[in-house]
Amino acid sequence: MTTPVLPAGDRDRLRELARRQAGIAALPVMTERRKMWTDLNDGVSGVRPPVIVETWTFDRDFLPASVYRCESPEGRAIEHQLLRNIRNHELIDDDKVMPASFDYGWEVAIEEFGVAVPVEMRQDAQGVETGYRWEHPIKDLERDFGLLKPAVCRVDRAATAARRAFLEELLGDLLPVRLTTGTFGPTMLTHRAILLMGMESFFMAMIETPEEVHRLMRYLRDNALSVMRWAEAEGLLRANAGNDVSFGSSFNFTTKLPSTGDDVPVRLADMWGCTNSQESIGISPAMYNEFCFPYYQAVSEPVGLLYYGCCEPAHPYWKDVSRYPHLKKVSVPKWCDQRFVAEAIKGTGIVLSRKPDPNLVGVNPKLDEEAWSAHIRETLEAAKGVPREIILRDVYTGHGDLAKPRRAGELARREIARSFRP
């Protein structure tokens with residue numbers, strides 16, 4: 001790796017942003033938020049549900065081109081990371097904890113399938129790449145299965161060390177540099193199946209060639225586990241029980257898993273992991289049990305704590321979802337029966353990770369405050385007596401008004417303050 005050389009103006013800009021981030025991270029409110037998240041994940045009773053507004057989906061409003069000052073591509077990338085944190089505090093002010101470090105990852109390359117899955121992108125009316133489609137390499141599962149190969153993983157330790165040295169020289173006296181990782185495993189198995197063959201073909205194969213689907217799922221399971229175990233054996237894994245996310249802006253603070261320095265390798269069993277099966281929303285519980293459950297159970301077993309789900313409803317498949325090992329959080333989007341899940345997890349210590357309806361915030365230019373507030377009250381009532389978090393995701397435009405997502409967070413907190421009972 002060639003060490004980047006930044007223009008003097010870029011260096012000054014980045015150091016100033018790092019200074020600002022460090023100052024925000026030292027505010028007393030960040031200590032309070034860390035305790036709130038830790039207590040929630042540790043199962044302490046009486047914790048106020050944290051409220052998160054995820055911003056990356058409306059970056060056209062949140063991080064428009066006008067906010068950037070750096071000239072070089074490298075400077076712009078670092079500026080982007082710092083601005084996302086700083087602007088979240090200044091413009092959204094939800095319950096995220098400002099990172100007290102500048103985070104980076106290993107320089108790794110993972111060739112997952114041995115075959116390419118090209119993607120075609122299309123821009124929307126504002127020039128943002130929004131539409132896409134994959135060119136699925138598997139046209140006939142039985143005929144084309146031989147195209148698939150075991151995952152090949154590589155780590156470039158020299159490039160990673162050079163990256164660290166560059167960042168420490170640039171920012172380290174203002175903001176510590178921290179190596180972070182997930183578990184590296186591609187555990188969203190049905191997502192991989194859809195990448196390879198498409199949803200319609202995948203669903204039809206369950207009926208027409210079920211044994212071929214099982215062969216594909218065994219391959220995807222083994223691939224995921226091999227990547228996870230490779231990362232563990234290579235000493236790449238780092239503790240993620242602090243200011244890290246398991247999935248979808250759900251923060252990991254806990255004392256139930258080890259918290260070590262970023263130069264200390266950990267085991268898979270010491271980490272939060274995550275998985276989901278959004279693509280199984282169209283199949284029956286019996287088919288989920290046959291074609292998904294055993295394979296998802298296997299890729300969930302190695303981790304210490306598990307976050308399950310994304311946009312799919314968990315309640316139709318709860319008989320299986322509830323049996324996943326180390327289950328600690330379950331996603332409950334607008335399509336999920338939140339009362340069912342709340343009743344099912346009562347007394348277990350599992351956190352209900354509520355994803356409220358993003359349409360209430362993202363569709364209309366003006367926020368309907370009463371409708372949004374009533375929606376939050378519904379969750380607070382339905383999930384009474386269980387630990388929960390509220391994470392607003394998939395808002396794809398702020399209509400140029402960043403006061404709107406901020407207000408949504410404020411209203412959610414107001415309803416919590418009014419009606420929350422542990």
# chains A, B, ... in the order shown; residues from 1 in each chain; ligands from 1
>>> select_by_dssp(residues="region 189-367 of chain A", states="alpha helix (DSSP H)", output="NGL selection string")
:A and (189-197 or 199-208 or 210-233 or 285-291 or 293-300 or 318-321 or 338-345 or 359-362)
>>> residues_around(residues="Pro313 (chain A)", least_positions_apart="5", cutoff="7 Å", atoms="only C-alpha atoms", output="PyMOL selection string")
chain A and resi 332-333+335-336
>>> closest_residue(among="A:Asn359, A:Asn243, A:Thr190, A:Gln297", to="Trp372 (chain A)", atoms="only C-alpha atoms")
A:Asn359
>>> closest_residue(among="A:Gly349, A:Pro118, A:Gly131, A:Gly105", to="Thr183 (chain A)", atoms="only C-alpha atoms")
A:Gly105
>>> residues_around(residues="region 172-179 of chain A", least_positions_apart="6", cutoff="9 Å", atoms="only C-alpha atoms", output="list in words")
Arg15, Ala18, Arg19, Gln21, Ala22, Ala100, Ser101, Phe102, Asp103, Tyr104, Gly105, Trp106, Arg164, Arg238, Gly261, Asp262 and Asp263 of chain A
>>> residues_around(residues="Arg229 (chain A)", least_positions_apart="3", cutoff="12 Å", atoms="only C-alpha atoms", output="number ranges by chain")
A: 151, 153, 183-186, 222-226, 232-237, 266-269, 299, 302-303
